[in-house]
Amino acid sequence: MYPREKLIVALDVSTAAAASKLVVAVGDSVLTYKVGLRLYTTEGPKVVRDLISMGRKVFLDLKYHDIPNTVAWAVREAAGLGAAMITVHALGGGKMLRAAAEAARAVNPDLKVLAVTVLTSMDEPELAKVGVQGRVPDEVMRLASLAMAEGCHGVVASAQEAPELRRQLGNDLLIVTPGVRPAGTDHGDQARVVTPAEAIAAGATHIVVGRPIIEAADPGEAAGKILAEISVAMK
Ligand code: C5P
């Protein structure tokens with residue numbers, strides 16, 4: 001993989017106009033953009049089509065979690081839209097995960113289905129309140145193993161979780177890691193952060209970076225620095 005294939009920029013803005021302005025400002029060095037709940041809720045599928053027509057790839061992070069039939073249809077629609085990567089909640093269960101993976105393969109065999117395990121906003125007391133006993137890392141591993149067994153391509157996971165996921169689930173697993181900050185930058189509300197190099201060294205195949213790029217005075221320059229860090233980590 002080239003460094004350019006490993007960086008995903010999160011388009012955490014509210015309008016298509018702001019999104020396309022950012023894509024232009026970042027320039028050709030970045031290929032993949034994450035469209036999440038915020039932008040998708042305001043602008044819908046058009047924003048995905050627009051990014052694709054600009055020659056970009058889209059990570060559609062809508063974290064599907066519903067009955068298998070509904071999720072399978074949503075995945076088919078996302079595949080038809082041209083998304084390159086999508087997310088589902090592993091807590092939807094094995095049947096839902098398999099339905100998602102099969103729907104993706106049926107429409108676009110290259111579409112990557114990633115499972116979200118335990119949201120990083122959840123800690124053990126929060127998990128206990130929803131009836132999940134035990135340690136967070138064990139729950140992450142259980143859900144990641146389930147997702148892979150049911151045909152998903154990888155997981156969204158923190159850099160802290162990545163080494164164990166890599167060790168137990170092997171080299172085919174995609175690990176997409178948010179919470180990344182270039183050395184010496186503002187951490188925003190991310191509590192535990194790693195640098196791009198640390199994330200890659202921990203086993204991440206992709207890193208998701210939002211504010212350090214989209215709020216930078218020069219987003220293109222900020223992205224370039226991160227790509228340089230990724231290149232060094234890959235050597
Ligand atoms: O701005 P920042 O780089 O923190 O953005 C990271 C992106 O990754 C955001 O879109 C955020 O929703 C997402 N994310 C995260 N932490 C998680 C899961 C997803 O920051 N644990």
# chains A, B, ... in the order shown; residues from 1 in each chain; ligands from 1
>>> residues_near_ligand(ligand="ligand 1", cutoff="6 Å", atoms="only C-alpha atoms and all ligand atoms", output="PyMOL selection string")
chain A and resi 10+12+119-120+178-179+190+208-211
>>> write_last_selection(atoms="all heavy atoms", output="JSON list (two decimals), in the first residue's frame")
[["chain", "number", "residue", "atom", "x", "y", "z"],
["A", 10, "ALA", "N", -11.56, 12.96, 7.43],
["A", 10, "ALA", "CA", -12.97, 13.02, 7.87],
["A", 10, "ALA", "C", -13.56, 14.37, 7.50],
["A", 10, "ALA", "O", -13.11, 15.41, 7.98],
["A", 10, "ALA", "CB", -13.05, 12.80, 9.37],
["A", 12, "ASP", "N", -15.93, 16.27, 8.48],
["A", 12, "ASP", "CA", -16.88, 16.58, 9.55],
["A", 12, "ASP", "C", -17.33, 18.03, 9.45],
["A", 12, "ASP", "O", -16.94, 18.88, 10.26],
["A", 12, "ASP", "CB", -16.26, 16.27, 10.91],
["A", 12, "ASP", "CG", -16.04, 14.77, 11.11],
["A", 12, "ASP", "OD1", -16.84, 13.99, 10.56],
["A", 12, "ASP", "OD2", -15.07, 14.39, 11.77],
["A", 119, "LEU", "N", -17.72, 1.52, 21.02],
["A", 119, "LEU", "CA", -17.42, 2.95, 20.82],
["A", 119, "LEU", "C", -16.43, 3.40, 21.91],
["A", 119, "LEU", "O", -16.54, 2.97, 23.07],
["A", 119, "LEU", "CB", -18.70, 3.78, 20.93],
["A", 119, "LEU", "CG", -19.76, 3.54, 19.86],
["A", 119, "LEU", "CD1", -21.05, 4.27, 20.22],
["A", 119, "LEU", "CD2", -19.27, 3.97, 18.49],
["A", 120, "THR", "N", -15.49, 4.24, 21.53],
["A", 120, "THR", "CA", -14.50, 4.66, 22.54],
["A", 120, "THR", "C", -15.12, 5.56, 23.61],
["A", 120, "THR", "O", -14.50, 5.82, 24.63],
["A", 120, "THR", "CB", -13.31, 5.39, 21.88],
["A", 120, "THR", "OG1", -13.81, 6.35, 20.98],
["A", 120, "THR", "CG2", -12.42, 4.41, 21.14],
["A", 178, "PRO", "N", -9.08, 5.94, 14.17],
["A", 178, "PRO", "CA", -9.21, 7.39, 14.40],
["A", 178, "PRO", "C", -8.42, 7.79, 15.66],
["A", 178, "PRO", "O", -7.71, 6.95, 16.22],
["A", 178, "PRO", "CB", -10.71, 7.58, 14.63],
["A", 178, "PRO", "CG", -11.20, 6.28, 15.16],
["A", 178, "PRO", "CD", -10.19, 5.21, 14.80],
["A", 179, "GLY", "N", -8.56, 9.04, 16.06],
["A", 179, "GLY", "CA", -7.84, 9.48, 17.27],
["A", 179, "GLY", "C", -6.37, 9.69, 16.98],
["A", 179, "GLY", "O", -5.51, 9.43, 17.82],
["A", 190, "GLN", "N", -10.23, 14.42, 21.75],
["A", 190, "GLN", "CA", -9.73, 13.04, 21.73],
["A", 190, "GLN", "C", -8.87, 12.83, 22.97],
["A", 190, "GLN", "O", -7.85, 13.48, 23.16],
["A", 190, "GLN", "CB", -8.88, 12.79, 20.47],
["A", 190, "GLN", "CG", -9.65, 12.90, 19.17],
["A", 190, "GLN", "CD", -10.42, 11.63, 18.83],
["A", 190, "GLN", "OE1", -10.57, 10.76, 19.67],
["A", 190, "GLN", "NE2", -10.91, 11.55, 17.61],
["A", 208, "VAL", "N", -7.77, 7.69, 10.24],
["A", 208, "VAL", "CA", -8.80, 8.70, 9.95],
["A", 208, "VAL", "C", -8.42, 9.97, 10.68],
["A", 208, "VAL", "O", -8.25, 9.95, 11.90],
["A", 208, "VAL", "CB", -10.19, 8.25, 10.44],
["A", 208, "VAL", "CG1", -11.24, 9.31, 10.11],
["A", 208, "VAL", "CG2", -10.57, 6.91, 9.83],
["A", 209, "VAL", "N", -8.26, 11.04, 9.94],
["A", 209, "VAL", "CA", -7.88, 12.31, 10.55],
["A", 209, "VAL", "C", -8.89, 13.38, 10.15],
["A", 209, "VAL", "O", -9.18, 13.56, 8.97],
["A", 209, "VAL", "CB", -6.46, 12.74, 10.09],
["A", 209, "VAL", "CG1", -6.06, 14.03, 10.79],
["A", 209, "VAL", "CG2", -5.43, 11.64, 10.38],
["A", 210, "GLY", "N", -9.43, 14.05, 11.16],
["A", 210, "GLY", "CA", -10.39, 15.12, 10.89],
["A", 210, "GLY", "C", -9.77, 16.48, 11.14],
["A", 210, "GLY", "O", -9.09, 17.05, 10.29],
["A", 211, "ARG", "N", -10.02, 16.98, 12.35],
["A", 211, "ARG", "CA", -9.67, 18.37, 12.66],
["A", 211, "ARG", "C", -8.24, 18.82, 12.36],
["A", 211, "ARG", "O", -8.05, 19.95, 11.90],
["A", 211, "ARG", "CB", -10.06, 18.68, 14.11],
["A", 211, "ARG", "CG", -11.59, 18.79, 14.24],
["A", 211, "ARG", "CD", -12.06, 18.64, 15.65],
["A", 211, "ARG", "NE", -11.89, 17.27, 16.13],
["A", 211, "ARG", "CZ", -12.25, 16.86, 17.35],
["A", 211, "ARG", "NH1", -12.78, 17.71, 18.20],
["A", 211, "ARG", "NH2", -12.07, 15.61, 17.68]]
>>> select_by_dssp(residues="range 15-202 of chain A", states="strand (DSSP E or B)", output="count of residues only")
32
>>> closest_residue(among="A:Glu5, A:Glu43, A:Asp218, A:Glu77", to="Val23 in chain A", atoms="only C-alpha atoms")
A:Asp218
>>> closest_residue(among="A:Pro196, A:Phe59, A:Arg167, A:Asn69", to="Gly184 in chain A", atoms="only C-alpha atoms")
A:Pro196
>>> residues_around(residues="Glu102 in chain A", least_positions_apart="3", cutoff="8 Å", atoms="only C-alpha atoms", output="ChimeraX atom specification")
/A:72,98-99,105-106,151
>>> residues_around(residues="Glu198 in chain A", least_positions_apart="4", cutoff="8 Å", atoms="only C-alpha atoms", output="list in words")
Ala159, Val194, Ala202 and Ala233 of chain A
>>> residues_around(residues="range 84-89 of chain A", least_positions_apart="6", cutoff="7 Å", atoms="only C-alpha atoms", output="ChimeraX atom specification")
/A:57-65,111-117
>>> write_last_selection(atoms="all heavy atoms", output="compact mmCIF listing (two decimals), in the first residue's frame")
# COMPACT_ATOMS: atom_id res chain seq x y z
N LYS A 57 -12.28 8.60 -3.32
CA LYS A 57 -12.96 7.43 -2.75
C LYS A 57 -13.71 7.86 -1.51
O LYS A 57 -13.29 8.80 -0.81
CB LYS A 57 -11.94 6.37 -2.36
CG LYS A 57 -11.34 5.63 -3.52
CD LYS A 57 -10.51 4.48 -2.96
CE LYS A 57 -10.02 3.57 -4.04
NZ LYS A 57 -9.43 2.36 -3.45
N VAL A 58 -14.79 7.14 -1.19
CA VAL A 58 -15.60 7.52 -0.03
C VAL A 58 -15.70 6.39 0.99
O VAL A 58 -16.03 5.24 0.66
CB VAL A 58 -17.03 7.94 -0.47
CG1 VAL A 58 -17.91 8.22 0.75
CG2 VAL A 58 -16.95 9.17 -1.37
N PHE A 59 -15.37 6.74 2.21
CA PHE A 59 -15.60 5.88 3.37
C PHE A 59 -16.92 6.37 3.98
O PHE A 59 -16.96 7.44 4.59
CB PHE A 59 -14.42 6.03 4.33
CG PHE A 59 -14.59 5.38 5.69
CD1 PHE A 59 -15.45 4.32 5.90
CD2 PHE A 59 -13.85 5.84 6.77
CE1 PHE A 59 -15.59 3.73 7.16
CE2 PHE A 59 -13.97 5.26 8.03
CZ PHE A 59 -14.85 4.21 8.22
N LEU A 60 -17.99 5.62 3.75
CA LEU A 60 -19.31 6.04 4.21
C LEU A 60 -19.54 5.46 5.61
O LEU A 60 -19.83 4.28 5.77
CB LEU A 60 -20.37 5.54 3.22
CG LEU A 60 -21.80 6.06 3.43
CD1 LEU A 60 -21.88 7.58 3.37
CD2 LEU A 60 -22.73 5.44 2.40
N ASP A 61 -19.38 6.33 6.59
CA ASP A 61 -19.38 5.89 8.00
C ASP A 61 -20.73 6.15 8.64
O ASP A 61 -20.90 7.08 9.41
CB ASP A 61 -18.25 6.62 8.74
CG ASP A 61 -18.10 6.18 10.19
OD1 ASP A 61 -18.53 5.05 10.51
OD2 ASP A 61 -17.55 6.96 10.97
N LEU A 62 -21.71 5.30 8.28
CA LEU A 62 -23.07 5.50 8.81
C LEU A 62 -23.41 4.46 9.88
O LEU A 62 -24.53 4.46 10.41
CB LEU A 62 -24.09 5.48 7.67
CG LEU A 62 -23.87 6.57 6.60
CD1 LEU A 62 -24.94 6.48 5.51
CD2 LEU A 62 -23.89 7.97 7.21
N LYS A 63 -22.49 3.59 10.19
CA LYS A 63 -22.62 2.63 11.30
C LYS A 63 -23.99 1.97 11.35
O LYS A 63 -24.74 2.07 12.31
CB LYS A 63 -22.33 3.33 12.64
CG LYS A 63 -20.92 3.91 12.73
CD LYS A 63 -20.62 4.47 14.10
CE LYS A 63 -19.20 4.98 14.23
NZ LYS A 63 -18.94 6.23 13.47
N TYR A 64 -24.28 1.23 10.29
CA TYR A 64 -25.58 0.55 10.21
C TYR A 64 -25.78 -0.45 11.35
O TYR A 64 -24.87 -1.21 11.69
CB TYR A 64 -25.70 -0.21 8.87
CG TYR A 64 -25.66 0.67 7.65
CD1 TYR A 64 -24.96 0.26 6.53
CD2 TYR A 64 -26.35 1.88 7.59
CE1 TYR A 64 -24.94 1.03 5.37
CE2 TYR A 64 -26.32 2.65 6.44
CZ TYR A 64 -25.62 2.22 5.34
OH TYR A 64 -25.59 2.98 4.19
N HIS A 65 -26.97 -0.46 11.91
CA HIS A 65 -27.31 -1.36 13.01
C HIS A 65 -28.83 -1.53 12.98
O HIS A 65 -29.57 -0.69 13.48
CB HIS A 65 -26.85 -0.74 14.34
CG HIS A 65 -27.01 -1.63 15.53
ND1 HIS A 65 -26.53 -1.30 16.77
CD2 HIS A 65 -27.57 -2.85 15.67
CE1 HIS A 65 -26.81 -2.27 17.63
NE2 HIS A 65 -27.45 -3.22 16.99
N LEU A 111 -15.88 -3.50 -2.25
CA LEU A 111 -16.38 -2.69 -1.13
C LEU A 111 -15.97 -3.33 0.20
O LEU A 111 -16.21 -4.51 0.43
CB LEU A 111 -17.91 -2.58 -1.21
CG LEU A 111 -18.63 -1.93 -0.03
CD1 LEU A 111 -18.14 -0.51 0.24
CD2 LEU A 111 -20.13 -1.93 -0.27
N LYS A 112 -15.34 -2.54 1.05
CA LYS A 112 -14.88 -3.06 2.35
C LYS A 112 -15.92 -2.77 3.43
O LYS A 112 -16.33 -1.62 3.63
CB LYS A 112 -13.55 -2.39 2.75
CG LYS A 112 -12.46 -2.52 1.69
CD LYS A 112 -12.09 -3.95 1.40
CE LYS A 112 -10.95 -4.06 0.41
NZ LYS A 112 -10.91 -5.36 -0.26
N VAL A 113 -16.31 -3.83 4.12
CA VAL A 113 -17.26 -3.70 5.22
C VAL A 113 -16.49 -3.76 6.54
O VAL A 113 -15.82 -4.76 6.83
CB VAL A 113 -18.32 -4.82 5.17
CG1 VAL A 113 -19.30 -4.68 6.34
CG2 VAL A 113 -19.06 -4.81 3.84
N LEU A 114 -16.58 -2.68 7.28
CA LEU A 114 -15.84 -2.58 8.54
C LEU A 114 -16.80 -2.60 9.71
O LEU A 114 -17.86 -1.96 9.66
CB LEU A 114 -15.05 -1.26 8.58
CG LEU A 114 -14.14 -1.03 7.39
CD1 LEU A 114 -13.66 0.41 7.37
CD2 LEU A 114 -12.96 -1.99 7.43
N ALA A 115 -16.42 -3.33 10.74
CA ALA A 115 -17.28 -3.40 11.92
C ALA A 115 -16.80 -2.45 13.00
O ALA A 115 -15.60 -2.34 13.26
CB ALA A 115 -17.28 -4.83 12.46
N VAL A 116 -17.76 -1.76 13.60
CA VAL A 116 -17.48 -0.94 14.77
C VAL A 116 -17.72 -1.86 15.96
O VAL A 116 -18.76 -2.52 16.04
CB VAL A 116 -18.43 0.27 14.82
CG1 VAL A 116 -18.27 1.06 16.11
CG2 VAL A 116 -18.21 1.16 13.61
N THR A 117 -16.76 -1.93 16.88
CA THR A 117 -16.93 -2.84 18.02
C THR A 117 -17.52 -2.07 19.21
O THR A 117 -18.72 -1.90 19.29
CB THR A 117 -15.59 -3.54 18.36
OG1 THR A 117 -14.61 -2.55 18.67
CG2 THR A 117 -15.13 -4.42 17.22
>>> closest_residue(among="A:Ser53, A:Thr42, A:Ser231, A:Thr177", to="Ala197 in chain A", atoms="only C-alpha atoms")
A:Ser231
>>> select_by_dssp(residues="range 52-134 of chain A", states="alpha helix (DSSP H)", output="ChimeraX atom specification")
/A:52-53,68-81,94-107,124-129
>>> write_last_selection(atoms="N, CA and C atoms", output="mmCIF file, in the first residue's frame")
data_model
loop_
_atom_site.group_PDB
_atom_site.id
_atom_site.type_symbol
_atom_site.label_atom_id
_atom_site.label_comp_id
_atom_site.auth_asym_id
_atom_site.auth_seq_id
_atom_site.Cartn_x
_atom_site.Cartn_y
_atom_site.Cartn_z
ATOM 1 N N ILE A 52 -17.076 11.212 -5.585
ATOM 2 C CA ILE A 52 -16.640 10.215 -6.562
ATOM 3 C C ILE A 52 -16.398 10.878 -7.916
ATOM 4 N N SER A 53 -17.264 11.824 -8.261
ATOM 5 C CA SER A 53 -17.044 12.487 -9.560
ATOM 6 C C SER A 53 -15.812 13.390 -9.529
ATOM 7 N N PRO A 68 -31.135 -7.798 9.839
ATOM 8 C CA PRO A 68 -30.283 -8.146 8.693
ATOM 9 C C PRO A 68 -30.823 -7.689 7.346
ATOM 10 N N ASN A 69 -32.123 -7.866 7.108
ATOM 11 C CA ASN A 69 -32.684 -7.496 5.805
ATOM 12 C C ASN A 69 -32.534 -6.000 5.535
ATOM 13 N N THR A 70 -32.797 -5.193 6.552
ATOM 14 C CA THR A 70 -32.695 -3.737 6.390
ATOM 15 C C THR A 70 -31.252 -3.315 6.152
ATOM 16 N N VAL A 71 -30.343 -3.911 6.913
ATOM 17 C CA VAL A 71 -28.929 -3.565 6.743
ATOM 18 C C VAL A 71 -28.434 -4.025 5.376
ATOM 19 N N ALA A 72 -28.844 -5.212 4.963
ATOM 20 C CA ALA A 72 -28.412 -5.703 3.646
ATOM 21 C C ALA A 72 -28.851 -4.729 2.545
ATOM 22 N N TRP A 73 -30.070 -4.220 2.656
ATOM 23 C CA TRP A 73 -30.537 -3.266 1.636
ATOM 24 C C TRP A 73 -29.763 -1.954 1.697
ATOM 25 N N ALA A 74 -29.493 -1.497 2.902
ATOM 26 C CA ALA A 74 -28.714 -0.256 3.033
ATOM 27 C C ALA A 74 -27.316 -0.441 2.437
ATOM 28 N N VAL A 75 -26.724 -1.605 2.680
ATOM 29 C CA VAL A 75 -25.389 -1.882 2.126
ATOM 30 C C VAL A 75 -25.446 -1.934 0.600
ATOM 31 N N ARG A 76 -26.484 -2.563 0.058
ATOM 32 C CA ARG A 76 -26.627 -2.599 -1.410
ATOM 33 C C ARG A 76 -26.704 -1.180 -1.976
ATOM 34 N N GLU A 77 -27.468 -0.343 -1.287
ATOM 35 C CA GLU A 77 -27.601 1.045 -1.772
ATOM 36 C C GLU A 77 -26.262 1.779 -1.682
ATOM 37 N N ALA A 78 -25.543 1.561 -0.583
ATOM 38 C CA ALA A 78 -24.232 2.213 -0.423
ATOM 39 C C ALA A 78 -23.261 1.726 -1.494
ATOM 40 N N ALA A 79 -23.327 0.431 -1.796
ATOM 41 C CA ALA A 79 -22.455 -0.131 -2.837
ATOM 42 C C ALA A 79 -22.813 0.467 -4.193
ATOM 43 N N GLY A 80 -24.113 0.582 -4.446
ATOM 44 C CA GLY A 80 -24.567 1.157 -5.709
ATOM 45 C C GLY A 80 -24.166 2.613 -5.854
ATOM 46 N N LEU A 81 -24.105 3.284 -4.733
ATOM 47 C CA LEU A 81 -23.711 4.698 -4.704
ATOM 48 C C LEU A 81 -22.218 4.858 -5.031
ATOM 49 N N GLY A 94 -24.257 -11.639 14.468
ATOM 50 C CA GLY A 94 -23.656 -12.419 13.388
ATOM 51 C C GLY A 94 -24.478 -12.428 12.111
ATOM 52 N N LYS A 95 -25.790 -12.596 12.254
ATOM 53 C CA LYS A 95 -26.625 -12.668 11.035
ATOM 54 C C LYS A 95 -26.608 -11.337 10.297
ATOM 55 N N MET A 96 -26.651 -10.254 11.065
ATOM 56 C CA MET A 96 -26.626 -8.937 10.434
ATOM 57 C C MET A 96 -25.282 -8.690 9.749
ATOM 58 N N LEU A 97 -24.197 -9.090 10.419
ATOM 59 C CA LEU A 97 -22.859 -8.882 9.842
ATOM 60 C C LEU A 97 -22.708 -9.680 8.550
ATOM 61 N N ARG A 98 -23.182 -10.909 8.565
ATOM 62 C CA ARG A 98 -23.081 -11.740 7.361
ATOM 63 C C ARG A 98 -23.939 -11.157 6.240
ATOM 64 N N ALA A 99 -25.134 -10.707 6.588
ATOM 65 C CA ALA A 99 -26.016 -10.106 5.572
ATOM 66 C C ALA A 99 -25.334 -8.882 4.944
ATOM 67 N N ALA A 100 -24.666 -8.093 5.772
ATOM 68 C CA ALA A 100 -23.964 -6.905 5.260
ATOM 69 C C ALA A 100 -22.826 -7.312 4.333
ATOM 70 N N ALA A 101 -22.017 -8.271 4.766
ATOM 71 C CA ALA A 101 -20.853 -8.692 3.969
ATOM 72 C C ALA A 101 -21.302 -9.290 2.640
ATOM 73 N N GLU A 102 -22.358 -10.112 2.683
ATOM 74 C CA GLU A 102 -22.830 -10.749 1.445
ATOM 75 C C GLU A 102 -23.442 -9.727 0.488
ATOM 76 N N ALA A 103 -24.167 -8.773 1.045
ATOM 77 C CA ALA A 103 -24.770 -7.736 0.190
ATOM 78 C C ALA A 103 -23.677 -6.926 -0.498
ATOM 79 N N ALA A 104 -22.625 -6.607 0.249
ATOM 80 C CA ALA A 104 -21.524 -5.835 -0.338
ATOM 81 C C ALA A 104 -20.885 -6.624 -1.480
ATOM 82 N N ARG A 105 -20.572 -7.885 -1.222
ATOM 83 C CA ARG A 105 -19.910 -8.713 -2.241
ATOM 84 C C ARG A 105 -20.768 -8.858 -3.488
ATOM 85 N N ALA A 106 -22.074 -8.942 -3.299
ATOM 86 C CA ALA A 106 -22.967 -9.149 -4.442
ATOM 87 C C ALA A 106 -22.957 -7.947 -5.389
ATOM 88 N N VAL A 107 -22.809 -6.754 -4.840
ATOM 89 C CA VAL A 107 -22.869 -5.555 -5.691
ATOM 90 C C VAL A 107 -21.478 -5.083 -6.100
ATOM 91 N N GLU A 124 -16.142 0.634 31.014
ATOM 92 C CA GLU A 124 -16.750 -0.540 31.643
ATOM 93 C C GLU A 124 -18.059 -0.232 32.374
ATOM 94 N N PRO A 125 -18.144 0.851 33.169
ATOM 95 C CA PRO A 125 -19.429 1.137 33.818
ATOM 96 C C PRO A 125 -20.560 1.365 32.804
ATOM 97 N N GLU A 126 -20.243 2.035 31.701
ATOM 98 C CA GLU A 126 -21.266 2.272 30.671
ATOM 99 C C GLU A 126 -21.695 0.957 30.020
ATOM 100 N N LEU A 127 -20.718 0.098 29.740
ATOM 101 C CA LEU A 127 -21.042 -1.204 29.145
ATOM 102 C C LEU A 127 -21.913 -2.018 30.094
ATOM 103 N N ALA A 128 -21.579 -1.955 31.392
ATOM 104 C CA ALA A 128 -22.360 -2.716 32.380
ATOM 105 C C ALA A 128 -23.815 -2.257 32.380
ATOM 106 N N LYS A 129 -24.034 -0.942 32.197
ATOM 107 C CA LYS A 129 -25.404 -0.405 32.190
ATOM 108 C C LYS A 129 -26.234 -0.974 31.048
#
>>> closest_residue(among="A:Ile8, A:Leu169, A:Cys152, A:Leu51", to="Lys34 in chain A", atoms="only C-alpha atoms")
A:Ile8
>>> atom_distance(atom1="CA of Val156 in chain A", atom2="CA of Asp66 in chain A")
18.4 Å
>>> closest_residue(among="A:Gly170, A:Gln160, A:Glu221, A:Pro137", to="Ala199 in chain A", atoms="only C-alpha atoms")
A:Gln160
>>> closest_residue(among="A:Val9, A:Ala83, A:Met54, A:Met234", to="Asn108 in chain A", atoms="only C-alpha atoms")
A:Ala83
>>> atom_distance(atom1="CA of Ser14 in chain A", atom2="CA of Val47 in chain A")
10.9 Å
>>> decode(residues="range 2-39 of chain A", atoms="C-alpha atoms", output="PDB file, in the first residue's frame")
ATOM      1  CA  TYR A   2       1.112   3.545  -0.714  1.00  0.00           C
ATOM      2  CA  PRO A   3       0.941   6.186   2.079  1.00  0.00           C
ATOM      3  CA  ARG A   4      -1.805   7.893   0.084  1.00  0.00           C
ATOM      4  CA  GLU A   5      -4.003   4.798   0.405  1.00  0.00           C
ATOM      5  CA  LYS A   6      -3.670   4.819   4.189  1.00  0.00           C
ATOM      6  CA  LEU A   7      -4.918   8.318   4.971  1.00  0.00           C
ATOM      7  CA  ILE A   8      -8.649   9.035   5.248  1.00  0.00           C
ATOM      8  CA  VAL A   9      -9.743  12.619   5.861  1.00  0.00           C
ATOM      9  CA  ALA A  10     -12.967  13.019   7.867  1.00  0.00           C
ATOM     10  CA  LEU A  11     -15.276  15.573   6.247  1.00  0.00           C
ATOM     11  CA  ASP A  12     -16.881  16.578   9.549  1.00  0.00           C
ATOM     12  CA  VAL A  13     -18.685  19.641   8.173  1.00  0.00           C
ATOM     13  CA  SER A  14     -22.362  20.419   7.623  1.00  0.00           C
ATOM     14  CA  THR A  15     -22.585  21.454   3.999  1.00  0.00           C
ATOM     15  CA  ALA A  16     -21.580  20.076   0.623  1.00  0.00           C
ATOM     16  CA  ALA A  17     -20.082  23.477  -0.182  1.00  0.00           C
ATOM     17  CA  ALA A  18     -17.767  23.302   2.850  1.00  0.00           C
ATOM     18  CA  ALA A  19     -16.885  19.708   1.975  1.00  0.00           C
ATOM     19  CA  SER A  20     -15.923  20.419  -1.620  1.00  0.00           C
ATOM     20  CA  LYS A  21     -13.964  23.496  -0.552  1.00  0.00           C
ATOM     21  CA  LEU A  22     -11.959  21.268   1.762  1.00  0.00           C
ATOM     22  CA  VAL A  23     -11.348  18.631  -0.881  1.00  0.00           C
ATOM     23  CA  VAL A  24      -9.993  21.309  -3.200  1.00  0.00           C
ATOM     24  CA  ALA A  25      -7.869  22.804  -0.400  1.00  0.00           C
ATOM     25  CA  VAL A  26      -6.417  19.409   0.528  1.00  0.00           C
ATOM     26  CA  GLY A  27      -5.552  18.765  -3.101  1.00  0.00           C
ATOM     27  CA  ASP A  28      -4.644  15.599  -4.962  1.00  0.00           C
ATOM     28  CA  SER A  29      -2.470  14.081  -2.255  1.00  0.00           C
ATOM     29  CA  VAL A  30      -5.514  12.643  -0.439  1.00  0.00           C
ATOM     30  CA  LEU A  31      -7.656   9.998  -2.108  1.00  0.00           C
ATOM     31  CA  THR A  32     -10.205   8.932   0.512  1.00  0.00           C
ATOM     32  CA  TYR A  33     -12.714  10.988   2.470  1.00  0.00           C
ATOM     33  CA  LYS A  34     -14.955   9.938   5.298  1.00  0.00           C
ATOM     34  CA  VAL A  35     -18.592  11.014   5.074  1.00  0.00           C
ATOM     35  CA  GLY A  36     -20.260  10.504   8.438  1.00  0.00           C
ATOM     36  CA  LEU A  37     -23.625  11.043  10.051  1.00  0.00           C
ATOM     37  CA  ARG A  38     -23.346  14.824  10.148  1.00  0.00           C
ATOM     38  CA  LEU A  39     -22.655  15.548   6.503  1.00  0.00           C
TER      39      LEU A  39
END
